[in-house]
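Visitor: What follows is a structure written as structure tokens; I'll ask about it next.
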Amino acid sequence: MTREQYILATQQNNLPRTENAQLYPVGIYGWRKRCLYFFVLLLLVTMIVNLAMTIWILKVMNFTVDGMGNLRVTKKGIRLEGISEFLLPLYVKEIHSRKDSPLVLQSDRSVTVNARNHMGQLTGQLTVGADAVEAQCKRFEVRASEDGRLLFSADEDEVTIGAEKLKVTGTEGAVFGHSVETPHIRAEPSQDLRLESPTRSLIMEAPRGVQVRAAAGDFKATCRKELHLQSTEGEIFLNADTIRLGNLPTGSFSSSSPSSSNSRQTVYELCVCPNGKLYLSPAGVGSTCQSNSNICLWS
């Protein structure tokens, strides 16, 4: 026996013993114990409900190792199959469809595509609405899919059409509010070409000449008042087998021979007034043009 055990044994033997010693229970009893069991049971039920809800969500949302439902996470990015709905803005670098199906963007109101720079400023916007398609950018271009050739471009300064042929199929034609510069204007085969200004004048200008040619038909110029042919430095050249001037006025000429008045006049002489006006005068042996003719006096 060690010294410590001996001391403890002797001390216990020397302590006075009481016959009516009170015992105090140790632990949780009564309503505290019932409350504790109730909270433990409530926690257990909550855990079971949470576990059941988690399993239900995983089943409904179709969570797999590759993704969730129609959403698949691949090495190249995120893949969506079927119809997808976005309630908030979508920020992506590239959107493309599968090889065998088109890409459809649909909205009840409008579809807007914005482009911003590194500072967050709006640089381009494309809006597809119910009434119109609007594009806001510095330059708008349309290129061919095969060789990338420019077909159409528009900016603040000019609009360029790079197609081989511009075709206007409207019944009213094309209306231009200002000048038009073009090297060639032609109609479709077997169709007429008409240049018209309903209320104002029509002007065609070119520094090296204006050529109007009808290879297999007639060329007609009709006006209501006056038709002016003017050459400031050169000449006006009329080259044809037959040149006709219709509806020219006929001047008066008094002949001394009585037989000339009875015969029908079929030959006339072309006369020119001092102011340049042309008129016809009955042909005679000599010139029948008179400067004091009534045509020149009233012109």
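So you can find residues: chains in the structure tokens are A, B, ... in the order shown, residues in each start at 1, and ligands are numbered from 1 in order.
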Identify all residues of region 50-231 of chain A in helix (DSSP H, G or I) (DSSP on the backbone) and supply them as a PyMOL selection string.
Guide: chain A and resi 50-60
Visitor: Between A:Phe219, A:Phe86, A:Trp31, A:Tyr279, which has the minimum distance to Arg194 (chain A) (counting only C-alpha atoms)?
Guide: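 Closest residue, counting only C-alpha atoms: A:Phe219.
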Visitor: Need the shell around region 157-170 of chain A: protein/DNA/RNA residues with any atom at most 12 Å away, counting only C-alpha atoms. Skip same-chain ones fewer than 6 positions apart. Format as a count of residues only?
Guide: 19
Visitor: If we count only C-alpha atoms and set the cut-off at 12 Å, which residues sit around Gly209 (chain A), ignoring sequence neighbours fewer than 4 positions away in its own chain? Please answer as a list in words.
Guide: Pro183, Met204, Glu205 and Ser231 of chain A
Visitor: Run DSSP on the backbone of this structure and report the residues of region 12-103 of chain A it assigns to strand (DSSP E), as a PyMOL selection string.
Guide: chain A and resi 67-68+71-73+78-80
Visitor: So how far away is CA of Leu51 (chain A) from CA of Leu36 (chain A), in Å?
Guide: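 For CA of Leu36 (chain A) relative to CA of Leu51 (chain A), the distance reads 22.6 Å.
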Visitor: Could you state the separation of CA of Val45 (chain A) and CA of Phe63 (chain A) in Å, given to one decimal place?
Guide: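 Interatomic distance here is 25.0 Å.
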Visitor: Interatomic distance between CA of Asp155 (chain A) and CA of Lys93 (chain A)?
Guide: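 Atom-to-atom, CA of Asp155 (chain A) to CA of Lys93 (chain A), that is 25.8 Å.
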